[in-house]
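The file work.txt comes next; it holds compact mmCIF, C-alpha atoms.
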```txt
# COMPACT_ATOMS: atom_id res chain seq x y z
CA VAL A 1 14.06 44.99 -37.54
CA THR A 2 16.55 44.05 -34.83
CA SER A 3 13.82 42.41 -32.82
CA SER A 4 12.17 40.52 -35.64
CA ALA A 5 15.37 39.30 -37.26
CA ALA A 6 17.02 38.19 -34.03
CA ALA A 7 13.93 37.08 -32.12
CA GLY A 8 12.84 34.82 -34.96
CA VAL A 9 16.13 32.96 -34.77
CA TYR A 10 16.11 32.86 -30.98
CA LEU A 11 12.57 31.49 -30.87
CA GLU A 12 13.36 28.92 -33.52
CA ARG A 13 16.31 27.78 -31.42
CA ASN A 14 14.27 27.83 -28.20
CA VAL A 15 16.49 30.36 -26.48
CA ALA A 16 13.98 33.17 -25.89
CA ASN A 17 11.29 32.81 -23.21
CA LEU A 18 8.12 33.73 -25.12
CA ARG A 19 5.80 33.80 -22.10
CA LEU A 20 8.09 35.95 -19.97
CA GLY A 21 8.81 38.21 -22.93
CA MET A 22 5.15 38.78 -23.69
CA THR A 23 4.23 39.35 -20.06
CA LEU A 24 6.91 42.01 -19.58
CA GLU A 25 6.24 43.36 -23.06
CA LEU A 26 2.72 44.37 -22.06
CA PHE A 27 4.16 46.73 -19.47
CA THR A 28 7.02 47.94 -21.66
CA ALA A 29 4.56 48.86 -24.42
CA THR A 30 2.44 50.71 -21.87
CA GLY A 31 5.52 52.57 -20.66
CA ALA A 32 6.54 53.41 -24.22
CA LEU A 33 3.08 54.76 -24.92
CA VAL A 34 3.20 56.98 -21.84
CA GLY A 35 6.73 58.06 -22.72
CA GLY A 36 5.74 58.94 -26.27
CA LEU A 37 2.86 61.08 -25.02
CA ILE A 38 4.83 62.99 -22.38
CA ALA A 39 8.08 63.27 -24.34
CA PHE A 40 7.62 66.96 -25.03
CA LEU A 41 6.84 67.83 -21.43
CA LEU A 42 10.05 66.66 -19.78
CA ASP A 43 13.57 68.04 -19.58
CA GLU A 44 15.53 65.77 -21.92
CA ARG A 45 18.91 66.74 -20.46
CA LEU A 46 17.94 65.82 -16.93
CA LEU A 47 16.55 62.51 -18.13
CA ALA A 48 19.73 61.78 -20.07
CA LEU A 49 21.83 62.52 -16.97
CA LEU A 50 19.73 60.25 -14.76
CA PHE A 51 19.81 57.52 -17.39
CA ALA A 52 23.59 57.80 -17.71
CA ALA A 53 23.92 57.34 -13.95
CA LEU A 54 21.61 54.32 -14.03
CA LEU A 55 23.55 52.69 -16.88
CA GLY A 56 26.85 53.29 -15.06
CA TYR A 57 25.47 51.62 -11.97
CA VAL A 58 24.16 48.64 -13.95
CA ALA A 59 27.51 48.26 -15.76
CA VAL A 60 29.42 48.14 -12.48
CA THR A 61 26.90 45.67 -11.01
CA MET A 62 27.24 43.39 -14.04
CA LEU A 63 31.02 43.54 -13.87
CA ARG A 64 30.99 42.70 -10.17
CA GLN A 65 28.48 39.92 -10.71
CA GLY A 66 30.72 38.40 -13.36
CA SER A 67 33.96 38.73 -11.39
CA PRO A 68 35.66 35.68 -9.86
CA ALA A 69 35.30 37.18 -6.38
CA ALA A 70 31.56 37.23 -6.84
CA GLY A 71 31.55 33.63 -7.96
CA GLY A 72 30.99 34.79 -11.49
CA VAL A 73 31.99 33.58 -14.91
CA ALA A 74 35.75 33.99 -14.95
CA THR A 75 36.21 30.31 -15.63
CA GLY A 76 33.87 30.48 -18.58
CA ALA A 77 31.86 27.67 -17.10
CA PRO A 78 28.09 27.69 -17.21
CA VAL A 79 26.76 29.67 -14.32
CA GLU A 80 23.49 29.91 -12.49
CA PRO A 81 21.86 33.29 -12.68
CA PRO A 82 22.12 35.47 -9.57
CA GLY A 83 19.76 34.27 -6.93
CA ALA A 84 19.33 30.88 -8.52
CA ASP A 85 20.37 29.31 -5.24
CA ILE A 86 17.26 30.71 -3.63
CA PRO A 87 14.80 27.88 -3.10
CA ALA A 88 12.35 27.99 -5.98
CA VAL A 89 9.28 27.79 -3.80
CA HIS A 90 6.57 30.16 -4.89
CA GLU A 91 3.19 30.27 -3.25
CA GLY A 92 -0.23 31.49 -4.26
CA LEU A 93 -1.17 33.25 -7.45
CA ARG A 94 2.22 34.94 -7.74
CA GLY A 95 3.90 31.58 -7.38
CA ALA A 96 1.67 30.05 -10.03
CA ALA A 97 2.49 32.90 -12.41
CA LEU A 98 6.23 32.58 -11.77
CA ALA A 99 6.12 28.82 -12.21
CA HIS A 100 4.19 29.22 -15.46
CA LEU A 101 6.79 31.63 -16.82
CA SER A 102 9.75 29.50 -15.70
CA PRO A 103 10.97 26.77 -18.04
CA ASP A 104 12.69 23.69 -16.68
CA GLY A 105 16.20 25.13 -16.91
CA TYR A 106 15.88 28.00 -14.45
CA ARG A 107 13.54 29.72 -12.04
CA ILE A 108 12.28 33.24 -12.48
CA ARG A 109 11.87 35.44 -9.41
CA ASN A 110 10.74 38.99 -8.59
CA LEU A 111 8.00 39.32 -11.19
CA GLY A 112 6.89 42.59 -9.58
CA ARG A 113 10.36 44.06 -10.02
CA GLY A 114 10.35 42.87 -13.62
CA ILE A 115 7.00 44.53 -14.31
CA ALA A 116 8.06 47.84 -12.73
CA GLY A 117 11.41 47.78 -14.52
CA SER A 118 9.85 46.93 -17.87
CA THR A 119 7.41 49.81 -17.57
CA GLY A 120 10.32 52.13 -16.79
CA ALA A 121 12.28 50.72 -19.73
CA GLY A 122 9.39 51.54 -22.05
CA VAL A 123 9.15 55.10 -20.77
CA VAL A 124 12.91 55.69 -21.05
CA SER A 125 13.01 54.06 -24.48
CA ALA A 126 10.36 56.42 -25.82
CA LEU A 127 11.78 59.50 -24.10
CA LEU A 128 15.44 59.11 -24.98
CA GLY A 129 15.27 57.07 -28.17
CA VAL A 130 17.41 54.28 -26.77
CA GLY A 131 16.64 50.59 -27.03
CA GLY A 132 14.81 49.31 -23.99
CA GLY A 133 16.98 46.20 -24.11
CA ILE A 134 19.80 48.03 -22.41
CA ILE A 135 17.59 48.14 -19.32
CA LYS A 136 15.69 44.89 -19.75
CA VAL A 137 18.66 42.57 -20.14
CA PRO A 138 20.22 43.53 -16.78
CA LEU A 139 16.75 43.69 -15.26
CA MET A 140 15.94 40.11 -16.26
CA HIS A 141 19.41 38.78 -15.57
CA LEU A 142 20.30 40.54 -12.33
CA GLY A 143 16.82 41.24 -11.04
CA MET A 144 14.82 38.19 -12.07
CA GLY A 145 17.32 35.37 -12.22
CA VAL A 146 17.07 34.79 -15.97
CA PRO A 147 20.25 33.39 -17.58
CA MET A 148 22.20 35.97 -19.59
CA ARG A 149 21.66 34.39 -23.01
CA VAL A 150 17.95 33.92 -22.39
CA ALA A 151 17.70 37.50 -21.13
CA THR A 152 19.29 38.92 -24.30
CA ALA A 153 17.15 36.71 -26.54
CA THR A 154 13.94 37.51 -24.66
CA SER A 155 14.78 41.21 -24.68
CA ASN A 156 15.15 41.03 -28.45
CA LEU A 157 11.69 39.56 -28.62
CA MET A 158 10.28 42.36 -26.48
CA ILE A 159 11.86 45.41 -28.07
CA GLY A 160 9.88 44.87 -31.26
CA ILE A 161 6.60 45.81 -29.64
CA THR A 162 8.08 48.79 -27.82
CA ALA A 163 9.56 49.98 -31.08
CA ALA A 164 6.36 49.31 -33.02
CA ALA A 165 4.25 51.20 -30.46
CA SER A 166 6.59 54.21 -30.61
CA ALA A 167 7.11 53.94 -34.37
CA VAL A 168 3.39 54.17 -35.08
CA ILE A 169 3.24 57.46 -33.18
CA TYR A 170 6.28 58.86 -34.99
CA LEU A 171 4.85 57.58 -38.28
CA LEU A 172 1.57 59.38 -37.77
CA ARG A 173 3.43 62.56 -36.86
CA GLY A 174 5.30 62.32 -40.16
CA GLU A 175 8.67 62.05 -38.41
CA ILE A 176 9.96 58.98 -40.28
CA ASP A 177 12.01 59.58 -43.41
CA PRO A 178 11.84 56.51 -45.68
CA TYR A 179 15.10 57.43 -47.46
CA VAL A 180 16.97 57.26 -44.15
CA ALA A 181 14.99 54.52 -42.40
CA GLY A 182 15.13 52.09 -45.37
CA PRO A 183 18.92 51.77 -45.73
CA VAL A 184 19.39 51.83 -41.95
CA ALA A 185 16.86 49.01 -41.52
CA ILE A 186 18.76 46.84 -43.99
CA GLY A 187 22.02 47.38 -42.14
CA VAL A 188 20.36 46.61 -38.83
CA PHE A 189 18.82 43.46 -40.29
CA LEU A 190 22.23 42.20 -41.44
CA GLY A 191 23.79 42.91 -38.06
CA ALA A 192 20.94 41.39 -36.07
CA SER A 193 20.83 38.25 -38.24
CA PHE A 194 24.57 37.76 -37.86
CA GLY A 195 24.54 38.47 -34.13
CA SER A 196 21.69 36.12 -33.34
CA ARG A 197 23.37 33.28 -35.25
CA VAL A 198 26.77 33.61 -33.57
CA ALA A 199 25.63 34.63 -30.07
CA HIS A 200 25.51 31.05 -28.79
CA ARG A 201 29.13 30.51 -29.82
CA ILE A 202 30.43 33.42 -27.76
CA PRO A 203 31.50 32.50 -24.22
CA LEU A 204 29.23 33.99 -21.60
CA ARG A 205 31.95 36.09 -19.97
CA TYR A 206 32.68 37.82 -23.30
CA LEU A 207 28.98 38.33 -23.91
CA ARG A 208 28.70 39.93 -20.50
CA LEU A 209 31.78 42.09 -21.08
CA LEU A 210 30.44 43.16 -24.46
CA PHE A 211 27.20 44.17 -22.83
CA VAL A 212 29.06 46.17 -20.17
CA VAL A 213 30.96 47.98 -22.95
CA VAL A 214 27.66 48.82 -24.67
CA LEU A 215 26.25 50.02 -21.35
CA LEU A 216 29.26 52.27 -20.72
CA TYR A 217 29.22 53.59 -24.29
CA THR A 218 25.52 54.45 -24.04
CA ALA A 219 26.07 56.01 -20.61
CA THR A 220 28.81 58.21 -22.10
CA GLN A 221 26.57 59.24 -24.98
CA MET A 222 23.80 60.11 -22.57
CA LEU A 223 26.23 62.10 -20.42
CA ILE A 224 27.41 64.07 -23.46
CA ARG A 225 23.79 64.70 -24.38
CA ALA A 226 23.06 65.92 -20.85
CA ILE A 227 26.06 68.24 -20.72
CA GLY A 228 26.13 69.41 -24.31
CA VAL B 1 19.52 23.63 -29.64
CA SER B 2 19.03 24.72 -26.07
CA VAL B 3 21.50 27.22 -24.71
CA VAL B 4 20.06 27.78 -21.28
CA GLU B 5 23.29 27.96 -19.36
CA ALA B 6 21.70 27.09 -16.03
CA ALA B 7 20.91 23.62 -17.24
CA PRO B 8 22.59 22.69 -20.50
CA GLY B 9 20.53 20.40 -22.63
CA THR B 10 17.31 21.19 -20.88
CA PRO B 11 14.68 22.07 -23.46
CA LEU B 12 12.41 25.04 -22.91
CA VAL B 13 8.69 24.39 -22.83
CA ASP B 14 6.53 24.34 -25.95
CA ALA B 15 9.41 24.14 -28.38
CA GLY B 16 7.15 23.48 -31.36
CA PHE B 17 4.84 26.41 -30.66
CA GLU B 18 7.71 28.84 -30.12
CA ARG B 19 9.49 27.55 -33.23
CA ARG B 20 6.42 28.25 -35.34
CA ILE B 21 6.24 31.80 -34.01
CA GLY B 22 9.96 32.16 -34.72
CA ARG B 23 9.51 31.00 -38.30
CA LEU B 24 6.64 33.44 -38.81
CA LEU B 25 8.88 36.27 -37.63
CA ILE B 26 11.68 35.20 -39.93
CA VAL B 27 9.44 34.92 -43.00
CA VAL B 28 7.69 38.27 -42.50
CA THR B 29 11.02 39.96 -41.74
CA TYR B 30 12.55 38.59 -44.93
CA VAL B 31 9.59 39.88 -46.95
CA ALA B 32 9.93 43.33 -45.33
CA VAL B 33 13.68 43.46 -45.89
CA GLY B 34 13.16 42.31 -49.49
CA LEU B 35 10.87 45.28 -50.09
CA LEU B 36 13.38 47.64 -48.46
CA LEU B 37 16.19 46.21 -50.58
CA VAL B 38 14.21 46.91 -53.76
CA GLY B 39 13.51 50.43 -52.50
CA VAL B 40 17.15 51.12 -51.71
CA ALA B 41 18.24 49.65 -55.07
CA LEU B 42 15.78 51.99 -56.82
CA MET B 43 17.16 54.90 -54.76
CA VAL B 44 20.65 54.08 -55.97
CA VAL B 45 19.51 53.71 -59.59
CA SER B 46 17.59 57.00 -59.39
CA GLY B 47 20.56 58.75 -57.77
CA ILE B 48 18.57 59.69 -54.66
CA SER B 49 20.63 60.48 -51.58
CA PRO B 50 19.39 59.19 -48.20
CA LEU B 51 19.66 62.78 -47.01
CA ALA B 52 17.44 64.11 -49.81
CA GLY B 53 14.36 63.97 -47.59
CA GLY B 54 11.82 61.31 -48.46
CA PRO B 55 8.11 61.87 -49.12
CA PRO B 56 5.69 61.38 -46.22
CA LEU B 57 3.55 58.28 -46.08
CA ALA B 58 0.51 58.57 -48.32
CA PRO B 59 -1.37 55.25 -48.26
CA GLY B 60 -3.36 56.23 -51.35
CA ARG B 61 -0.17 56.64 -53.39
CA LEU B 62 1.47 53.41 -52.24
CA VAL B 63 0.22 51.15 -55.04
CA GLY B 64 0.86 53.78 -57.71
CA ASP B 65 4.42 54.33 -56.46
CA ILE B 66 5.13 50.61 -56.52
CA LEU B 67 3.71 50.15 -60.01
CA ALA B 68 5.75 53.13 -61.20
CA LEU B 69 8.85 51.61 -59.53
CA ARG B 70 9.34 54.67 -57.35
CA PRO B 71 11.58 53.89 -54.35
CA ALA B 72 9.28 55.54 -51.82
CA GLY B 73 6.53 52.99 -52.50
CA PHE B 74 8.75 49.98 -51.75
CA LEU B 75 10.43 51.70 -48.81
CA TRP B 76 7.14 52.66 -47.17
CA LEU B 77 5.62 49.22 -47.73
CA GLY B 78 8.77 47.62 -46.30
CA LEU B 79 8.75 49.95 -43.31
CA LEU B 80 5.07 49.28 -42.67
CA ALA B 81 5.79 45.56 -42.81
CA VAL B 82 8.69 46.04 -40.37
CA ILE B 83 6.40 47.88 -37.96
CA ALA B 84 3.64 45.28 -38.42
CA THR B 85 5.93 42.26 -37.90
CA PRO B 86 5.99 42.34 -34.07
CA VAL B 87 2.24 42.92 -34.09
CA SER B 88 1.65 39.91 -36.32
CA ARG B 89 3.76 37.88 -33.92
CA VAL B 90 1.58 38.95 -31.00
CA VAL B 91 -1.58 38.06 -32.93
CA ALA B 92 -0.14 34.65 -33.81
CA ALA B 93 0.90 34.09 -30.21
CA ALA B 94 -2.56 35.09 -28.93
CA ILE B 95 -4.22 32.58 -31.26
CA GLY B 96 -1.67 29.94 -30.30
CA PHE B 97 -2.17 30.51 -26.57
CA LEU B 98 -5.94 30.29 -26.98
CA ARG B 99 -5.66 27.03 -28.88
CA ARG B 100 -3.34 25.65 -26.21
CA GLY B 101 -5.80 26.53 -23.45
CA GLU B 102 -3.72 29.31 -21.90
CA PRO B 103 -6.33 32.08 -21.49
CA LEU B 104 -4.13 34.22 -19.24
CA MET B 105 -1.33 34.40 -21.82
CA ALA B 106 -3.91 35.02 -24.56
CA LEU B 107 -5.21 37.89 -22.43
CA VAL B 108 -1.68 39.27 -22.06
CA SER B 109 -1.28 39.13 -25.84
CA LEU B 110 -4.61 40.90 -26.29
CA GLY B 111 -3.52 43.51 -23.75
CA ILE B 112 -0.43 44.25 -25.86
CA LEU B 113 -2.60 44.76 -28.92
CA VAL B 114 -4.93 47.05 -26.96
CA VAL B 115 -1.97 49.18 -25.82
CA ILE B 116 -0.74 49.48 -29.41
CA ALA B 117 -4.24 50.40 -30.62
CA PHE B 118 -4.50 52.96 -27.85
CA GLY B 119 -1.14 54.37 -28.88
CA ILE B 120 -2.34 54.84 -32.44
CA ALA B 121 -5.60 56.41 -31.28
CA ALA B 122 -3.78 58.74 -28.88
CA ALA B 123 -1.42 59.86 -31.64
CA LEU B 124 -4.32 60.53 -33.99
CA VAL B 125 -6.13 62.57 -31.33
CA THR B 126 -2.94 64.53 -30.57
CA GLU B 127 -2.46 65.29 -34.24
CA ALA B 128 -6.05 66.44 -34.61
```
Structure translated into structure tokens:
Amino acid sequence: VTSSAAAGVYLERNVANLRLGMTLELFTATGALVGGLIAFLLDERLLALLFAALLGYVAVTMLRQGSPAAGGVATGAPVEPPGADIPAVHEGLRGAALAHLSPDGYRIRNLGRGIAGSTGAGVVSALLGVGGGIIKVPLMHLGMGVPMRVATATSNLMIGITAAASAVIYLLRGEIDPYVAGPVAIGVFLGASFGSRVAHRIPLRYLRLLFVVVLLYTATQMLIRAIG
Amino acid sequence: VSVVEAAPGTPLVDAGFERRIGRLLIVVTYVAVGLLLVGVALMVVSGISPLAGGPPLAPGRLVGDILALRPAGFLWLGLLAVIATPVSRVVAAAIGFLRRGEPLMALVSLGILVVIAFGIAAALVTEA
């Protein structure tokens, strides 16, 4: 619901990158499928601990990237994504793919890193029941040079497939309760619709800070899950 | 409205195509949420608690439940629509990419559908 409600608005407003989203989505869905199949074989506590550490690291990296010392967004002015100063010269097939996925406003880099990270996001999403977006937004923004707003919008587009792939498995196992899922879906729809309509009005530095807060909150939850 | 902060005012490619996909998502999502709203309203009217434990999905009972105005019918249909929405978007995108002469992106879209189909098949095999 989050994905469909928000991604529809983002696509209509030309914020989300459909081609990049679908390319990475293929690997996220594959990762989610693998995660769903091996979920009962792995130690959930260890995974939660590792994931908490990863989220903590990403939160600190995002904070540092957005700090004035790092040439970040303290002024609130529009900012190039990290690595945007790297000459956008891509060669060969990889270059053609990157150029095809890059709109006029920015250049995407490190497609291989994006593919590996998206696969991992799918696995983690299925194993720990967390939204893959919490990995994919920093991955696209910090790792691939995608602007923050585009990264969040594109991530919204992607999480739908990951969720659908996992949901079908849970559905067939009879693990979805319609009396719980129905009301929750409505609440999520309201939140996602509101968020996607006001996101462009929120200054980038606040958006980034909000994301860091969500990262730290999720990391804490994962830590509690690992310990408790 | 373009909000690409790296280059304000710069439109993304294929605005019309992506807008159409966006509209499709919005429409299908509204239909799904409409069904869920009816289901939740019927839950409230019937005095059913969300923690009461809902019935499992039984496709054969879906129409009967809806005609009898039982909440489970609307909720399950809404939830199925929610799950199907991203898939319908991928199908629409695949068709759109093919029409636009982008076979690689159409192949990527097809790959996503194959992974989902494989997921369903794998789950069915596991259950059996």
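For the choices A:Val15, A:Ala48, A:Ala116, A:Ala219, the atom-to-atom distance to chain B is smallest for A:Val15 when using all atoms listed in the file.
Each of B:Val45, B:Leu67, B:Ala121, B:Ile112 was checked against chain A using only C-alpha atoms; the smallest atom-to-atom distance is that of B:Ile112.
For the pair atom CA of A:Lys136 and atom CA of A:Arg45, the interatomic distance is 22.1 Å.
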| field | Closest of B:Val91, B:Leu98, B:Ile26, B:Ala58 to chain A - atom-to-atom distances counting only C-alpha atoms | value |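 Of B:Val91, B:Leu98, B:Ile26, B:Ala58, the one nearest chain A, counting only C-alpha atoms, is B:Ile26.
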| said: Please identify all residues of chain A having at least one atom at most 8 Å from any atom of chain B, considering only C-alpha atoms, and return them as an MDAnalysis selection string. | reply: chainID A and resid 1 3:5 7:15 17:19 22:23 25:26 29:30 33 37 78:81 103:106 147 149:150 160:161 163:169 171:174 176:183 185:186 189 200
Using the selection just defined, write its residues with C-alpha atoms as a compact mmCIF listing (two decimals), in the frame of the given file.
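Contents of the output file part37.txt:
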```
# COMPACT_ATOMS: atom_id res chain seq x y z
CA VAL A 1 14.06 44.99 -37.54
CA SER A 3 13.82 42.41 -32.82
CA SER A 4 12.17 40.52 -35.64
CA ALA A 5 15.37 39.30 -37.26
CA ALA A 7 13.93 37.08 -32.12
CA GLY A 8 12.84 34.82 -34.96
CA VAL A 9 16.13 32.96 -34.77
CA TYR A 10 16.11 32.86 -30.98
CA LEU A 11 12.57 31.49 -30.87
CA GLU A 12 13.36 28.92 -33.52
CA ARG A 13 16.31 27.78 -31.42
CA ASN A 14 14.27 27.83 -28.20
CA VAL A 15 16.49 30.36 -26.48
CA ASN A 17 11.29 32.81 -23.21
CA LEU A 18 8.12 33.73 -25.12
CA ARG A 19 5.80 33.80 -22.10
CA MET A 22 5.15 38.78 -23.69
CA THR A 23 4.23 39.35 -20.06
CA GLU A 25 6.24 43.36 -23.06
CA LEU A 26 2.72 44.37 -22.06
CA ALA A 29 4.56 48.86 -24.42
CA THR A 30 2.44 50.71 -21.87
CA LEU A 33 3.08 54.76 -24.92
CA LEU A 37 2.86 61.08 -25.02
CA PRO A 78 28.09 27.69 -17.21
CA VAL A 79 26.76 29.67 -14.32
CA GLU A 80 23.49 29.91 -12.49
CA PRO A 81 21.86 33.29 -12.68
CA PRO A 103 10.97 26.77 -18.04
CA ASP A 104 12.69 23.69 -16.68
CA GLY A 105 16.20 25.13 -16.91
CA TYR A 106 15.88 28.00 -14.45
CA PRO A 147 20.25 33.39 -17.58
CA ARG A 149 21.66 34.39 -23.01
CA VAL A 150 17.95 33.92 -22.39
CA GLY A 160 9.88 44.87 -31.26
CA ILE A 161 6.60 45.81 -29.64
CA ALA A 163 9.56 49.98 -31.08
CA ALA A 164 6.36 49.31 -33.02
CA ALA A 165 4.25 51.20 -30.46
CA SER A 166 6.59 54.21 -30.61
CA ALA A 167 7.11 53.94 -34.37
CA VAL A 168 3.39 54.17 -35.08
CA ILE A 169 3.24 57.46 -33.18
CA LEU A 171 4.85 57.58 -38.28
CA LEU A 172 1.57 59.38 -37.77
CA ARG A 173 3.43 62.56 -36.86
CA GLY A 174 5.30 62.32 -40.16
CA ILE A 176 9.96 58.98 -40.28
CA ASP A 177 12.01 59.58 -43.41
CA PRO A 178 11.84 56.51 -45.68
CA TYR A 179 15.10 57.43 -47.46
CA VAL A 180 16.97 57.26 -44.15
CA ALA A 181 14.99 54.52 -42.40
CA GLY A 182 15.13 52.09 -45.37
CA PRO A 183 18.92 51.77 -45.73
CA ALA A 185 16.86 49.01 -41.52
CA ILE A 186 18.76 46.84 -43.99
CA PHE A 189 18.82 43.46 -40.29
CA HIS A 200 25.51 31.05 -28.79
```
| message | Set the distance at 10 Å and use only C-alpha atoms: which residues neighbour A:Gly56 once local chain neighbours fewer than 5 positions away are removed? I'd like the list as a VMD selection string. | response | chain A and resid 50 to 51 61 to 62 212 215 to 220
